[in-house]
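Colleague: My structure is stored as upload_38.tsv, with TSV, C-alpha atoms and all ligand atoms.
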```
chain	number	residue	atom	x	y	z
J	1	MET	CA	87.44	137.70	57.20
J	2	ALA	CA	89.24	138.93	60.33
J	3	LYS	CA	88.45	142.51	61.24
J	4	LYS	CA	91.38	144.89	61.67
J	5	ASP	CA	92.67	145.47	65.16
J	6	ILE	CA	91.12	148.92	65.65
J	7	ASP	CA	89.52	150.34	68.79
J	8	TRP	CA	86.27	150.96	66.93
J	9	GLY	CA	84.45	152.54	69.88
J	10	SER	CA	86.95	155.36	70.22
J	11	LEU	CA	87.09	156.36	66.56
J	12	GLY	CA	86.33	159.97	65.74
J	13	PHE	CA	85.56	161.33	62.28
J	14	GLY	CA	89.04	161.13	60.81
J	15	TYR	CA	90.96	159.54	57.97
J	16	ILE	CA	92.52	156.13	58.43
J	17	GLU	CA	94.26	154.67	55.42
J	18	THR	CA	92.73	151.38	54.31
J	19	ASP	CA	94.06	148.72	51.93
J	20	TYR	CA	92.26	149.54	48.69
J	21	ARG	CA	90.74	152.41	46.77
J	22	TYR	CA	88.89	152.49	43.44
J	23	LEU	CA	90.01	154.34	40.33
J	24	SER	CA	88.42	154.82	36.93
J	25	SER	CA	89.83	157.25	34.36
J	26	PHE	CA	88.04	159.24	31.68
J	27	LYS	CA	89.96	159.92	28.48
J	28	ASP	CA	89.04	160.44	24.80
J	29	GLY	CA	85.41	160.83	25.75
J	30	LYS	CA	84.95	157.61	27.72
J	31	TRP	CA	85.43	156.01	31.12
J	32	ASP	CA	87.73	152.98	31.36
J	33	GLU	CA	86.50	149.90	33.15
J	34	GLY	CA	87.95	150.87	36.56
J	35	ALA	CA	89.91	148.85	39.10
J	36	LEU	CA	91.00	148.64	42.70
J	37	ILE	CA	94.43	150.07	43.46
J	38	THR	CA	96.57	150.18	46.60
J	39	ASP	CA	98.45	153.51	46.33
J	40	PRO	CA	96.70	156.16	48.49
J	41	ASN	CA	98.58	159.01	46.80
J	42	VAL	CA	97.39	160.81	43.67
J	43	THR	CA	100.01	162.20	41.29
J	44	LEU	CA	98.80	164.80	38.79
J	45	ASN	CA	100.19	167.57	36.63
J	46	GLU	CA	100.63	170.87	38.48
J	47	CYS	CA	98.16	172.52	36.12
J	48	ALA	CA	95.37	169.94	36.55
J	49	CYS	CA	91.96	171.62	36.45
J	50	VAL	CA	91.20	170.31	39.95
J	51	PHE	CA	94.15	172.31	41.36
J	52	GLN	CA	93.66	175.49	39.39
J	53	TYR	CA	89.87	175.79	39.21
J	54	ALA	CA	88.65	173.35	41.89
J	55	GLN	CA	86.90	171.16	39.34
J	56	THR	CA	85.93	168.41	41.73
J	57	VAL	CA	82.73	166.96	43.17
J	58	PHE	CA	82.24	164.32	45.81
J	59	GLU	CA	79.77	162.14	47.67
J	60	GLY	CA	79.49	160.59	51.11
J	61	LEU	CA	77.75	157.41	52.20
J	62	LYS	CA	78.34	154.68	54.76
J	63	ALA	CA	78.68	150.92	54.94
J	64	TYR	CA	77.49	149.11	58.07
J	65	THR	CA	77.70	145.65	59.57
J	66	THR	CA	74.22	144.36	60.39
J	67	GLU	CA	73.34	142.36	63.50
J	68	ASP	CA	73.43	139.14	61.46
J	69	GLY	CA	76.87	139.96	60.05
J	70	ARG	CA	76.07	141.25	56.55
J	71	THR	CA	77.79	144.32	55.12
J	72	VAL	CA	75.33	146.82	53.69
J	73	THR	CA	75.13	150.36	52.32
J	74	PHE	CA	72.25	152.78	52.53
J	75	ARG	CA	70.54	154.13	49.40
J	76	PRO	CA	73.66	154.39	47.19
J	77	ASP	CA	71.41	154.99	44.16
J	78	LEU	CA	70.66	158.45	45.53
J	79	ASN	CA	74.37	159.23	45.88
J	80	ALA	CA	74.85	158.05	42.29
J	81	GLU	CA	72.13	160.39	41.11
J	82	ARG	CA	73.49	163.31	43.15
J	83	ILE	CA	77.13	162.95	42.06
J	84	ASN	CA	75.97	163.09	38.45
J	85	GLN	CA	73.95	166.24	39.14
J	86	SER	CA	77.02	167.81	40.76
J	87	ALA	CA	79.30	166.67	37.93
J	88	ALA	CA	76.98	168.04	35.24
J	89	ARG	CA	76.94	171.46	36.95
J	90	LEU	CA	80.77	171.63	36.81
J	91	LYS	CA	80.84	170.42	33.16
J	92	MET	CA	82.32	167.07	34.13
J	93	PRO	CA	81.36	163.77	32.50
J	94	VAL	CA	78.68	161.83	34.35
J	95	LEU	CA	79.11	158.21	35.36
J	96	PRO	CA	77.37	155.53	33.34
J	97	GLU	CA	74.38	153.96	35.03
J	98	GLY	CA	75.34	151.24	37.47
J	99	ARG	CA	79.01	152.21	37.57
J	100	PHE	CA	78.78	154.11	40.86
J	101	ILE	CA	77.08	151.31	42.79
J	102	GLU	CA	79.30	148.65	41.26
J	103	ALA	CA	82.40	150.62	42.31
J	104	VAL	CA	81.07	151.24	45.84
J	105	LYS	CA	80.41	147.52	46.25
J	106	MET	CA	83.85	146.63	44.91
J	107	VAL	CA	85.80	148.95	47.20
J	108	VAL	CA	83.76	148.15	50.33
J	109	LYS	CA	84.10	144.42	49.69
J	110	ALA	CA	87.88	144.76	49.27
J	111	ASN	CA	88.11	146.66	52.56
J	112	GLU	CA	85.57	144.54	54.44
J	113	ASP	CA	87.88	144.04	57.41
J	114	PHE	CA	87.75	147.82	57.97
J	115	VAL	CA	83.93	147.84	58.21
J	116	PRO	CA	83.32	148.36	61.94
J	117	PRO	CA	81.43	145.56	63.71
J	118	PHE	CA	77.75	145.82	64.58
J	119	GLY	CA	77.11	147.73	67.79
J	120	SER	CA	80.50	149.48	67.81
J	121	GLY	CA	78.98	152.89	67.06
J	122	ALA	CA	81.31	153.22	64.07
J	123	SER	CA	80.81	152.70	60.34
J	124	LEU	CA	82.81	152.74	57.13
J	125	TYR	CA	82.59	156.15	55.48
J	126	VAL	CA	82.70	155.91	51.68
J	127	ARG	CA	83.93	158.98	49.82
J	128	PRO	CA	83.51	158.88	46.02
J	129	TYR	CA	84.90	161.86	44.08
J	130	ILE	CA	85.49	162.98	40.51
J	131	MET	CA	88.12	165.51	39.45
J	132	GLY	CA	89.47	167.16	36.31
J	133	THR	CA	93.02	165.88	35.89
J	134	ASN	CA	94.67	167.24	32.75
J	135	ALA	CA	96.49	170.57	32.50
J	136	VAL	CA	94.15	173.50	31.87
J	137	ILE	CA	95.27	177.12	32.10
J	138	GLY	CA	92.43	179.00	30.36
J	139	VAL	CA	89.14	178.89	32.23
J	140	LYS	CA	87.56	175.78	30.74
J	141	PRO	CA	86.73	172.26	31.86
J	142	ALA	CA	89.29	169.45	31.71
J	143	ASP	CA	89.09	166.71	29.07
J	144	GLU	CA	90.42	164.02	31.36
J	145	TYR	CA	89.00	162.95	34.71
J	146	GLN	CA	89.42	160.47	37.53
J	147	PHE	CA	86.57	158.91	39.47
J	148	ARG	CA	87.94	157.61	42.74
J	149	ILE	CA	86.52	156.15	45.92
J	150	LEU	CA	88.34	156.07	49.23
J	151	VAL	CA	86.92	154.50	52.37
J	152	THR	CA	87.77	155.11	56.01
J	153	PRO	CA	86.30	153.81	59.26
J	154	VAL	CA	84.68	156.61	61.27
J	155	GLY	CA	82.98	157.29	64.58
J	156	PRO	CA	80.70	160.23	65.44
J	157	TYR	CA	81.11	163.43	63.43
J	158	PHE	CA	80.68	165.69	66.45
J	159	LYS	CA	82.73	165.27	69.59
J	160	GLY	CA	80.76	164.36	72.68
J	161	GLY	CA	78.68	161.60	71.08
J	162	ALA	CA	74.94	162.23	71.30
J	163	LYS	CA	75.19	165.30	73.57
J	164	PRO	CA	73.20	168.24	72.21
J	165	LEU	CA	75.30	170.80	70.38
J	166	THR	CA	75.53	174.55	70.69
J	167	ILE	CA	75.68	176.23	67.30
J	168	ARG	CA	75.56	179.84	66.14
J	169	VAL	CA	73.79	181.86	63.48
J	170	SER	CA	76.43	182.68	60.88
J	171	ASP	CA	76.96	185.94	59.02
J	172	TYR	CA	78.85	184.07	56.32
J	173	ASP	CA	77.45	182.11	53.40
J	174	ARG	CA	78.12	178.36	53.38
J	175	ALA	CA	78.64	177.94	49.66
J	176	ALA	CA	80.07	179.87	46.76
J	177	PRO	CA	77.55	182.74	46.52
J	178	ASN	CA	76.22	181.80	43.11
J	179	GLY	CA	73.23	179.63	43.89
J	180	THR	CA	75.13	176.35	43.63
J	181	GLY	CA	74.76	175.34	47.27
J	182	HIS	CA	72.69	172.33	46.20
J	183	ILE	CA	75.66	170.58	44.58
J	184	LYS	CA	78.33	168.67	46.45
J	185	ALA	CA	81.32	170.42	44.93
J	186	GLY	CA	84.59	170.84	46.82
J	187	LEU	CA	84.51	174.57	46.15
J	188	ASN	CA	81.38	174.96	48.29
J	189	TYR	CA	83.16	173.32	51.21
J	190	ALA	CA	86.26	175.45	50.67
J	191	MET	CA	83.99	178.50	50.93
J	192	SER	CA	82.80	177.29	54.34
J	193	LEU	CA	86.22	176.72	55.91
J	194	TYR	CA	86.67	180.25	57.18
J	195	ALA	CA	83.28	180.19	58.89
J	196	ILE	CA	83.74	176.75	60.47
J	197	VAL	CA	87.13	177.61	61.94
J	198	ASP	CA	85.72	180.89	63.24
J	199	ALA	CA	82.72	179.06	64.80
J	200	HIS	CA	84.98	176.50	66.48
J	201	GLU	CA	87.28	179.23	67.82
J	202	GLN	CA	84.25	180.83	69.42
J	203	GLY	CA	83.12	177.55	70.97
J	204	PHE	CA	80.34	176.60	68.54
J	205	ALA	CA	80.04	173.19	66.94
J	206	GLU	CA	78.53	174.44	63.67
J	207	ASN	CA	77.11	177.41	61.79
J	208	MET	CA	73.46	177.93	61.03
J	209	TYR	CA	73.55	179.49	57.57
J	210	LEU	CA	70.70	181.74	56.49
J	211	ASP	CA	69.54	182.45	52.96
J	212	SER	CA	71.95	184.95	51.48
J	213	ALA	CA	69.26	187.11	49.81
J	214	THR	CA	67.20	188.06	52.88
J	215	ARG	CA	69.11	186.54	55.82
J	216	THR	CA	65.80	185.61	57.42
J	217	LYS	CA	65.36	181.95	56.42
J	218	VAL	CA	67.10	178.91	57.85
J	219	GLU	CA	69.18	177.01	55.30
J	220	GLU	CA	71.56	174.37	56.68
J	221	THR	CA	74.91	173.92	58.42
J	222	GLY	CA	78.36	173.27	56.95
J	223	GLY	CA	77.87	169.52	56.79
J	224	ALA	CA	74.22	168.72	57.52
J	225	ASN	CA	70.61	169.78	56.94
J	226	PHE	CA	68.31	170.92	59.75
J	227	ILE	CA	65.35	169.01	61.04
J	228	PHE	CA	63.01	170.56	63.61
J	229	VAL	CA	60.10	169.28	65.65
J	230	THR	CA	57.31	171.78	66.32
J	231	ARG	CA	55.63	172.02	69.71
J	232	ASP	CA	52.66	170.13	68.31
J	233	GLY	CA	54.88	167.24	67.24
J	234	LYS	CA	55.27	167.89	63.52
J	235	VAL	CA	58.61	167.25	61.81
J	236	VAL	CA	59.64	170.20	59.64
J	237	THR	CA	62.72	170.82	57.54
J	238	PRO	CA	63.75	173.86	55.48
J	239	LYS	CA	62.75	174.10	51.84
J	240	SER	CA	65.43	175.79	49.76
J	241	ASN	CA	67.03	175.36	46.35
J	242	THR	CA	70.46	176.29	47.64
J	243	ILE	CA	70.97	173.61	50.30
J	244	LEU	CA	72.35	170.15	49.70
J	245	PRO	CA	69.40	167.80	49.11
J	246	SER	CA	70.25	165.49	52.00
J	247	ILE	CA	69.53	161.80	51.55
J	248	THR	CA	69.28	161.40	55.32
J	249	ARG	CA	66.67	164.12	55.45
J	250	ARG	CA	64.60	162.60	52.62
J	251	SER	CA	64.78	159.29	54.49
J	252	LEU	CA	63.75	160.88	57.79
J	253	ILE	CA	60.67	162.48	56.25
J	254	HIS	CA	59.63	159.03	55.05
J	255	VAL	CA	60.44	157.49	58.46
J	256	ALA	CA	58.46	160.21	60.27
J	257	LYS	CA	55.38	159.66	58.11
J	258	GLU	CA	55.43	155.96	57.38
J	259	TYR	CA	57.09	154.45	60.45
J	260	LEU	CA	56.17	156.89	63.22
J	261	GLY	CA	52.84	158.20	61.95
J	262	LEU	CA	53.95	161.82	62.34
J	263	GLU	CA	53.19	164.74	60.12
J	264	ALA	CA	56.31	165.82	58.23
J	265	GLU	CA	56.75	168.76	55.94
J	266	GLU	CA	59.41	170.54	53.92
J	267	ARG	CA	58.71	174.26	54.04
J	268	GLU	CA	60.40	177.61	54.45
J	269	ILE	CA	61.46	178.12	58.07
J	270	THR	CA	62.29	181.59	59.31
J	271	LEU	CA	64.92	182.24	61.96
J	272	GLU	CA	62.18	184.12	63.81
J	273	GLU	CA	60.11	180.96	64.35
J	274	VAL	CA	63.01	178.76	65.49
J	275	LYS	CA	62.53	179.87	69.11
J	276	ASP	CA	59.09	178.23	69.03
J	277	MET	CA	60.40	174.81	68.00
J	278	ALA	CA	60.48	171.94	70.50
J	279	GLU	CA	63.48	170.08	69.09
J	280	CYS	CA	66.26	170.65	66.61
J	281	GLY	CA	68.74	168.29	65.00
J	282	LEU	CA	71.39	168.19	62.28
J	283	CYS	CA	70.96	165.36	59.82
J	284	GLY	CA	73.36	163.90	57.31
J	285	THR	CA	75.44	160.86	56.52
J	286	ALA	CA	78.26	161.99	58.81
J	287	ALA	CA	76.04	163.71	61.39
J	288	VAL	CA	73.34	160.95	61.37
J	289	ILE	CA	71.04	163.02	63.60
J	290	SER	CA	72.99	165.17	66.01
J	291	PRO	CA	70.74	167.05	68.43
J	292	VAL	CA	71.05	170.80	68.86
J	293	GLY	CA	70.31	172.16	72.34
J	294	LYS	CA	71.11	175.81	71.84
J	295	ILE	CA	71.52	178.32	69.03
J	296	ASN	CA	73.37	181.56	69.61
J	297	ASP	CA	71.99	184.36	67.46
J	298	HIS	CA	74.49	187.21	67.86
J	299	GLY	CA	74.53	186.86	71.64
J	300	LYS	CA	70.84	186.02	72.02
J	301	GLU	CA	70.31	182.39	72.98
J	302	ILE	CA	67.60	180.15	71.62
J	303	CYS	CA	67.33	177.20	74.01
J	304	PHE	CA	65.23	174.21	72.99
J	305	PRO	CA	63.01	172.64	75.65
J	306	SER	CA	64.76	169.30	74.99
J	307	GLY	CA	67.75	170.78	76.84
J	308	MET	CA	71.48	170.14	76.84
J	309	ASP	CA	71.55	166.61	78.28
J	310	GLU	CA	69.87	164.41	75.74
J	311	MET	CA	68.07	164.23	72.41
J	312	GLY	CA	64.48	165.35	72.32
J	313	PRO	CA	61.95	162.47	72.38
J	314	ILE	CA	60.89	162.69	68.72
J	315	THR	CA	64.48	163.19	67.53
J	316	LYS	CA	65.32	160.02	69.48
J	317	LYS	CA	62.54	158.05	67.78
J	318	LEU	CA	63.70	159.27	64.38
J	319	TYR	CA	67.29	158.39	65.24
J	320	ASP	CA	66.46	154.91	66.54
J	321	THR	CA	64.27	154.09	63.54
J	322	LEU	CA	66.70	155.39	60.93
J	323	THR	CA	69.75	153.68	62.44
J	324	GLY	CA	67.64	150.53	63.02
J	325	ILE	CA	66.86	150.47	59.29
J	326	GLN	CA	70.47	151.20	58.31
J	327	MET	CA	71.81	148.42	60.52
J	328	GLY	CA	69.26	145.84	59.51
J	329	LYS	CA	67.28	145.74	62.78
J	330	ILE	CA	64.14	147.29	61.32
J	331	LYS	CA	62.68	146.30	57.96
J	332	ALA	CA	63.72	148.83	55.34
J	333	PRO	CA	61.56	150.19	52.56
J	334	GLU	CA	62.17	148.42	49.25
J	335	GLY	CA	65.57	149.30	47.74
J	336	TRP	CA	67.01	151.25	50.68
J	337	ILE	CA	69.55	148.63	51.77
J	338	VAL	CA	72.09	147.36	49.28
J	339	GLU	CA	74.06	144.33	50.31
J	340	ILE	CA	77.75	144.15	49.49
J	401	LIG	N1	74.38	169.43	53.83
J	401	LIG	C1	75.69	169.45	53.62
J	401	LIG	C2	76.35	170.76	53.37
J	401	LIG	C3	76.43	168.24	53.64
J	401	LIG	O1	77.74	168.25	53.42
J	401	LIG	C4	75.77	167.03	53.89
J	401	LIG	C5	76.47	165.76	53.87
J	401	LIG	O2	76.55	165.10	52.90
J	401	LIG	C6	74.38	167.07	54.10
J	401	LIG	C7	73.73	168.27	54.08
J	401	LIG	C8	73.62	165.81	54.35
J	401	LIG	O3	73.43	165.06	53.19
J	401	LIG	P1	73.30	163.49	53.23
J	401	LIG	O4	72.19	163.19	54.18
J	401	LIG	O5	72.95	163.10	51.85
J	401	LIG	O6	74.59	162.96	53.70
J	402	LIG	C1	78.63	163.70	54.63
J	402	LIG	O1	77.87	163.63	55.59
J	402	LIG	O2	78.85	162.74	53.89
J	402	LIG	C2	79.33	164.93	54.31
J	402	LIG	O3	79.78	165.10	53.23
J	402	LIG	C3	79.49	165.92	55.35
J	402	LIG	C4	80.91	166.25	55.63
J	402	LIG	C5	80.82	167.30	56.65
J	402	LIG	C6	81.72	165.10	56.12
```
If you convert what's in this file into structure tokens, what do you get?
Modeller:
Amino acid sequence: MAKKDIDWGSLGFGYIETDYRYLSSFKDGKWDEGALITDPNVTLNECACVFQYAQTVFEGLKAYTTEDGRTVTFRPDLNAERINQSAARLKMPVLPEGRFIEAVKMVVKANEDFVPPFGSGASLYVRPYIMGTNAVIGVKPADEYQFRILVTPVGPYFKGGAKPLTIRVSDYDRAAPNGTGHIKAGLNYAMSLYAIVDAHEQGFAENMYLDSATRTKVEETGGANFIFVTRDGKVVTPKSNTILPSITRRSLIHVAKEYLGLEAEEREITLEEVKDMAECGLCGTAAVISPVGKINDHGKEICFPSGMDEMGPITKKLYDTLTGIQMGKIKAPEGWIVEI
């Protein structure tokens, strides 16, 4: 199949309309069989629960072209599990087993000429979402839903490629302040919009959110989890029930231990101890691993020894191994790579 005529190397993280999207509808207590459609617009009643009460959850994963020309996705079973956890928390119907992966495969296959070529630095971002679609005016869940998947080719999430970022400690909370920060619901991202615009206006790439109860522990950023390397070479990442359980992070802990022979641990990390870390990165599907060089804590700068020019050495090893696995250059653990 001929790839689309796109300058893959200069793509940022934006939306480009592709040829097909997936739609399955839930009505009378069951999901229909689902199909590919071509219309990128969604038409719903003005009183749809998604509009009035933000009853919507989403996922994010990527499809890649491997060196030998296959199209693959990375651990979609974990996205399937997580979208169902998010849906259950917003009283939405969950997806039947197998449906999520089947739909991802279908929509990626149909848009295969939008999957960026190997080595281009770009990938196909896959955005599944579920929303309440019928009219609801009292505060209650919808009875009808749509499960959709759109795909769009993307480049790096942060401008400047792999250059270390400067971020700031935020006084805002990332998510709706009700302990639901672990679910991937649109309302949590809406809650973060004020803080992200404010951070950007002040010249910071992201916000470091702290736990809202004590404001002493590191949580995550608006779109990625933190991963740190201690000065004695251990990989550590914050333990918290109110951050999104990142699939990239879970994968990196495995990579650190099993591929790189490093110690890796999920534990509470205080803001106080961040100044003693050797390296810091933001990890996620969109962020991959984006290095952090500097954190501004209300005017006080925390500068990592890895500096502002390149990734720290252990971050680089993690990055190379993870992306090597995702793009088929390094043998993946059983079940991590799903071929389209
Ligand atoms: N944290 C937040 C708030 C996110 O939006 C994301 C992205 O999905 C992540 C963390 C990283 O999660 P994952 O690695 O599963 O993409
Ligand atoms: C992802 O990485 O998939 C996310 O949802 C993060 C978002 C900031 C694009």
Colleague: How many Å lie between CA of Ile183 (chain J) and CA of Gln85 (chain J), rounded to one decimal?
Modeller: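 CA of Ile183 (chain J) sits 7.2 Å away from CA of Gln85 (chain J).
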Colleague: Given only C-alpha atoms as the basis, pick out the residue of J:Lys163, J:Lys3, J:Lys91, J:Arg21 nearest to Pro117 (chain J).
Modeller: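 Residue with the minimum atom-to-atom distance to Pro117 (chain J): J:Lys3.
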Colleague: If you take all atoms listed in the file and a cut-off of 7 Å, which residues of chain J touch ligand LIG 402 (chain J), and what are their nearest atom pairs and distances in Å to one decimal, in chain and number order, as CSV?
Modeller:
```
residue,atom,partner,partner_atom,distance
J:Glu59,CA,J:LIG402,O3,6.3
J:Gly60,CA,J:LIG402,O2,3.6
J:Leu61,CA,J:LIG402,O2,5.7
J:Gly222,CA,J:LIG402,C5,6.5
J:Gly223,CA,J:LIG402,C5,3.7
J:Ala224,CA,J:LIG402,C3,6.3
J:Gly284,CA,J:LIG402,O1,4.8
J:Thr285,CA,J:LIG402,O1,3.8
J:Ala286,CA,J:LIG402,O1,3.6
J:Ala287,CA,J:LIG402,O1,6.1
```
Colleague: If you count all atoms listed in the file, which residues fall within 12 Å of Val104 (chain J), apart from same-chain ones fewer than 5 positions away, as a PyMOL selection string?
Modeller: chain J and resi 20-23+34-36+59-63+72-77+79-80+98-99+109-112+124-129+147-151+338-340
Colleague: Could you check how far CA of Gly119 (chain J) sits from CA of Thr248 (chain J), in Å to one decimal?
Modeller: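 CA of Thr248 (chain J) lies 20.1 Å from CA of Gly119 (chain J).
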